[in-house]
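Okay, query.cif is below, mmCIF, C-alpha atoms:
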```
data_input
#
loop_
_atom_site.label_atom_id
_atom_site.label_comp_id
_atom_site.auth_asym_id
_atom_site.auth_seq_id
_atom_site.Cartn_x
_atom_site.Cartn_y
_atom_site.Cartn_z
CA MET A 1 0.00 0.00 0.00
CA THR A 2 1.23 3.44 -0.82
CA ALA A 3 0.71 6.56 1.24
CA GLU A 4 -1.99 7.69 -1.22
CA ASP A 5 -3.99 4.49 -0.66
CA LYS A 6 -3.87 5.00 3.11
CA ASP A 7 -5.12 8.58 2.76
CA LYS A 8 -8.19 7.57 0.76
CA PRO A 9 -11.34 7.28 2.87
CA ARG A 10 -12.53 3.74 3.45
CA TRP A 11 -16.01 2.57 2.59
CA GLU A 12 -18.61 3.61 5.12
CA PRO A 13 -22.05 2.04 5.52
CA PRO A 14 -25.15 4.06 4.63
CA PRO A 15 -26.58 6.11 7.50
CA TRP A 16 -29.66 3.91 7.90
CA GLU A 17 -27.46 0.82 8.39
CA ALA A 18 -24.75 2.41 10.55
CA ASP A 19 -26.22 0.97 13.77
CA ALA A 20 -26.21 -2.57 12.38
CA PHE A 21 -22.60 -2.23 11.23
CA ASP A 22 -21.58 -0.85 14.64
CA ALA A 23 -23.29 -3.78 16.40
CA LEU A 24 -21.53 -6.24 14.06
CA LYS A 25 -18.16 -4.59 14.73
CA LYS A 26 -18.73 -4.72 18.50
CA ARG A 27 -19.77 -8.38 18.32
CA ARG A 28 -16.62 -9.26 16.35
CA GLU A 29 -14.44 -7.41 18.85
CA ASP A 30 -16.15 -9.27 21.72
CA GLU A 31 -15.60 -12.63 19.98
CA GLU A 32 -11.92 -11.80 19.40
CA ALA A 33 -11.52 -10.78 23.04
CA ASP A 34 -13.21 -14.00 24.20
CA ALA A 35 -10.93 -16.05 21.95
CA GLU A 36 -7.85 -14.28 23.36
CA ILE A 37 -9.02 -14.89 26.91
CA ALA A 38 -9.68 -18.58 26.21
CA GLU A 39 -6.24 -18.91 24.63
CA ALA A 40 -4.58 -17.22 27.62
CA ILE A 41 -6.44 -19.49 30.05
CA GLY A 42 -5.40 -22.51 28.01
CA ARG A 43 -1.76 -21.46 28.19
CA LEU A 44 -1.97 -20.91 31.99
CA GLU A 45 -3.55 -24.27 32.71
CA GLY A 46 -1.02 -26.10 30.64
CA PRO A 47 -1.61 -29.20 28.57
CA GLN A 48 -4.41 -31.37 29.85
CA GLU A 49 -4.62 -35.08 29.49
CA PRO A 50 -7.49 -36.08 27.29
CA ARG A 51 -10.16 -38.00 29.13
CA PRO A 52 -11.28 -41.28 27.65
CA ALA A 53 -14.73 -41.12 26.23
CA THR A 54 -17.24 -43.09 28.25
CA PRO A 55 -19.85 -44.85 26.20
CA VAL A 56 -23.36 -43.86 27.01
CA ALA A 57 -25.73 -46.78 27.39
CA THR A 58 -28.78 -46.42 25.22
CA PRO A 59 -31.88 -48.39 26.05
CA ALA A 60 -32.72 -51.18 23.62
CA PRO A 61 -35.81 -50.62 21.53
CA PRO A 62 -38.83 -52.57 22.70
CA ALA A 63 -39.33 -55.83 20.82
CA ALA A 64 -42.58 -56.54 19.11
CA ALA A 65 -44.73 -59.31 20.51
CA ASP A 66 -44.85 -61.34 17.30
CA GLY A 67 -41.11 -61.44 16.81
CA GLU A 68 -41.21 -58.65 14.25
CA PRO A 69 -38.68 -55.89 14.53
CA ALA A 70 -39.85 -52.91 16.51
CA PRO A 71 -40.63 -49.71 14.64
CA GLU A 72 -37.91 -47.10 14.59
CA THR A 73 -38.22 -44.55 17.31
CA ALA A 74 -37.67 -40.95 16.53
CA ALA A 75 -34.31 -39.56 17.55
CA PRO A 76 -34.43 -36.80 20.11
CA PRO A 77 -34.28 -33.39 18.46
CA ALA A 78 -30.85 -31.85 18.42
CA ALA A 79 -30.33 -28.58 20.18
CA GLU A 80 -31.65 -26.03 17.73
CA ALA A 81 -30.13 -22.62 17.44
CA PRO A 82 -32.65 -19.89 18.13
CA ALA A 83 -34.07 -18.56 14.89
CA PRO A 84 -33.45 -14.91 14.16
CA PRO A 85 -36.51 -12.78 14.74
CA ALA A 86 -38.61 -12.50 11.61
CA LEU A 87 -39.22 -9.05 10.24
CA ASP A 88 -42.77 -7.88 9.97
CA ASP A 89 -43.82 -7.44 6.33
CA ARG A 90 -45.52 -4.14 7.06
CA HIS A 91 -42.35 -2.86 8.71
CA VAL A 92 -40.21 -3.89 5.72
CA GLU A 93 -42.64 -2.30 3.25
CA ALA A 94 -42.63 0.94 5.24
CA MET A 95 -38.83 0.97 5.23
CA LEU A 96 -38.71 0.39 1.47
CA ILE A 97 -41.23 3.17 0.83
CA ASP A 98 -39.16 5.55 2.97
CA LEU A 99 -36.01 4.61 1.03
CA LYS A 100 -37.78 5.14 -2.30
CA ILE A 101 -38.88 8.60 -1.19
CA GLU A 102 -35.34 9.50 -0.07
CA GLU A 103 -33.66 8.36 -3.30
CA PRO A 104 -33.56 10.92 -6.11
CA ASP A 105 -35.24 9.84 -9.34
CA ALA A 106 -32.60 10.32 -12.04
CA THR A 107 -35.00 9.36 -14.85
CA ARG A 108 -37.82 11.65 -13.84
CA GLY A 109 -37.65 13.86 -16.95
CA ALA A 110 -36.61 11.15 -19.40
CA TRP A 111 -40.14 10.52 -20.61
CA LEU A 112 -40.64 14.24 -21.28
CA PHE A 113 -37.41 14.41 -23.27
CA GLY A 114 -38.54 11.37 -25.29
CA ALA A 115 -41.94 12.92 -25.96
CA VAL A 116 -40.49 16.27 -27.09
CA THR A 117 -37.89 14.55 -29.28
CA SER A 118 -40.55 12.35 -30.88
CA ILE A 119 -42.74 15.37 -31.62
CA ALA A 120 -39.79 17.14 -33.28
CA THR A 121 -39.00 13.99 -35.29
CA GLY A 122 -42.65 13.69 -36.34
CA MET A 123 -42.73 17.32 -37.47
CA PHE A 124 -39.57 16.77 -39.52
CA GLY A 125 -41.15 13.67 -41.08
CA MET A 126 -44.30 15.60 -41.97
CA VAL A 127 -42.21 18.36 -43.57
CA LEU A 128 -40.44 15.74 -45.69
CA VAL A 129 -43.75 14.17 -46.73
CA ILE A 130 -45.25 17.57 -47.67
CA TRP A 131 -42.09 18.55 -49.48
CA GLY A 132 -42.15 15.25 -51.39
CA LEU A 133 -45.83 15.75 -52.35
CA VAL A 134 -45.15 19.27 -53.59
CA ALA A 135 -42.09 18.05 -55.52
CA PHE A 136 -44.16 15.23 -57.01
CA LYS A 137 -46.84 17.70 -58.16
CA GLU A 138 -44.27 20.09 -59.63
CA THR A 139 -42.25 17.50 -61.54
CA GLY A 140 -45.19 15.74 -63.10
CA THR A 141 -43.98 13.00 -65.42
CA VAL A 142 -40.22 13.64 -65.17
CA ALA A 143 -38.71 10.35 -63.96
CA ALA A 144 -35.88 11.83 -61.87
CA GLY A 145 -38.22 14.28 -60.16
CA ALA A 146 -40.79 11.60 -59.42
CA LEU A 147 -38.09 9.35 -57.98
CA GLY A 148 -36.76 12.14 -55.73
CA ALA A 149 -40.28 13.02 -54.58
CA THR A 150 -41.01 9.37 -53.81
CA ILE A 151 -37.79 9.10 -51.78
CA LEU A 152 -38.74 12.23 -49.80
CA ILE A 153 -42.19 10.79 -49.10
CA LEU A 154 -40.74 7.44 -47.99
CA PHE A 155 -38.15 9.04 -45.71
CA GLY A 156 -40.75 11.41 -44.29
CA SER A 157 -43.05 8.48 -43.58
CA ALA A 158 -40.19 6.60 -41.90
CA PHE A 159 -39.38 9.60 -39.67
CA PHE A 160 -43.07 9.97 -38.78
CA ALA A 161 -43.34 6.24 -37.93
CA LEU A 162 -40.21 6.53 -35.77
CA ALA A 163 -41.79 9.51 -34.00
CA VAL A 164 -44.96 7.56 -33.24
CA TYR A 165 -42.89 4.64 -31.90
CA MET A 166 -40.73 6.96 -29.73
CA PHE A 167 -43.81 8.77 -28.39
CA ARG A 168 -45.46 5.46 -27.40
CA LYS A 169 -42.25 4.33 -25.67
CA ALA A 170 -41.95 7.66 -23.82
CA LEU A 171 -45.52 7.43 -22.53
CA LYS A 172 -45.06 3.78 -21.59
CA PHE A 173 -41.87 4.75 -19.69
CA ARG A 174 -43.82 7.50 -17.91
CA GLY A 175 -46.51 4.98 -16.97
CA SER A 176 -43.95 2.62 -15.50
CA GLN A 177 -42.54 5.48 -13.41
CA LEU A 178 -45.96 6.27 -11.94
CA LYS A 179 -46.43 2.82 -10.43
#
```

If you convert what's in this file into structure tokens, what do you get?
Amino acid sequence: MTAEDKDKPRWEPPPWEADAFDALKKRREDEEADAEIAEAIGRLEGPQEPRPATPVATPAPPAAADGEPAPETAAPPAAEAPAPPALDDRHVEAMLIDLKIEEPDATRGAWLFGAVTSIATGMFGMVLVIWGLVAFKETGTVAAGALGATILILFGSAFFALAVYMFRKALKFRGSQLK
């Protein structure tokens, strides 16, 4: 690590989770301290001789009267760790709503930009179509003029279709933002 890396601020948790991170840090420090204490006690007591394991006598399962094997008995439940407390759904929803309100909406005006851009594109397409119709009327039967007018009409129609598509997408995007 260089001196510049040490000067950079480290990652910090968000303010609404700072308490949880502090509790986690304190718990880790407590566990480390407990481990150090247990290690120190182990060093003070010295090595201990391991005790031989004593077998625990388990009662034999009851035999069936007809000489059939007895049904399996259920094993005693193992010590279960306490389950973490479940969060209430209403509480979680309220927290999420509060977070959504606090977060800035970066795409708030995107639908408006899309709508304005599509209107401008549609107007340009209409100008091309009108220009192509006027050129078609003026040229009459001249092949090159009719071809140019047809191209203007086709491009104008394509721009107008693109404008309709963009406008629909912009309004659909706005609708998805309102939910």

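Nearest residue to Val164 of chain A among A:Ala115, A:Ala144, A:Ile101, A:Ala135 is A:Ala115, counting only C-alpha atoms.
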
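With atom CA of Arg174 of chain A on one side and atom CA of Ser157 of chain A on the other, the separation reads 25.7 Å.
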
Residues selected by the PyMOL selection byres ((chain A and resi 16) around 12), written as a ChimeraX atom specification: /A:12-15,17-22,95-96,98-99,102

Atom CA of Ala106 of chain A to atom CA of Met166 of chain A, distance in Å rounded to a single decimal: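 Value for the atom CA of Ala106 of chain A-atom CA of Met166 of chain A distance: 19.8 Å.
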
Measuring atom to atom with all atoms listed in the file, identify which of A:Leu128, A:Leu87, A:Leu133, A:Ala33 is nearest to Phe160 of chain A.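 Checking each candidate against Phe160 of chain A, we get A:Leu128 as the closest.
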
Just give me the gap between atom CA of Ala120 of chain A and atom CA of Phe159 of chain A in Å, one decimal is fine.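 Atom CA of Phe159 of chain A lies at a distance of 9.9 Å from atom CA of Ala120 of chain A.
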
Apply the PyMOL selection byres ((chain A and resi 118) around 10) to the file shown and report the selected residues as a list in words.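 Selected by the PyMOL selection byres ((chain A and resi 118) around 10) here: Leu112, Phe113, Gly114, Ala115, Val116, Thr117, Ile119, Ala120, Thr121, Gly122, Met123, Phe124, Phe159, Phe160, Ala161, Leu162, Ala163, Val164, Tyr165, Met166, Phe167, Arg168, Lys169 and Ala170 of chain A.
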
Ground truth for the PyMOL selection byres ((chain A and resi 156) around 6), written as number ranges by chain: A: 125-126, 128-129, 152-155, 157-159

Would you save the residues of that selection, restricted to C-alpha atoms, as a PDB file, keeping the file's coordinate frame?
```
ATOM      1  CA  GLY A 125     -41.150  13.670 -41.080  1.00  0.00           C
ATOM      2  CA  MET A 126     -44.300  15.600 -41.970  1.00  0.00           C
ATOM      3  CA  LEU A 128     -40.440  15.740 -45.690  1.00  0.00           C
ATOM      4  CA  VAL A 129     -43.750  14.170 -46.730  1.00  0.00           C
ATOM      5  CA  LEU A 152     -38.740  12.230 -49.800  1.00  0.00           C
ATOM      6  CA  ILE A 153     -42.190  10.790 -49.100  1.00  0.00           C
ATOM      7  CA  LEU A 154     -40.740   7.440 -47.990  1.00  0.00           C
ATOM      8  CA  PHE A 155     -38.150   9.040 -45.710  1.00  0.00           C
ATOM      9  CA  SER A 157     -43.050   8.480 -43.580  1.00  0.00           C
ATOM     10  CA  ALA A 158     -40.190   6.600 -41.900  1.00  0.00           C
ATOM     11  CA  PHE A 159     -39.380   9.600 -39.670  1.00  0.00           C
TER      12      PHE A 159
END
```

Shortest interatomic distance to Gly175 of chain A - which of A:Gly132, A:Glu138, A:Arg108, A:Gly148, counting all atoms listed in the file: A:Arg108
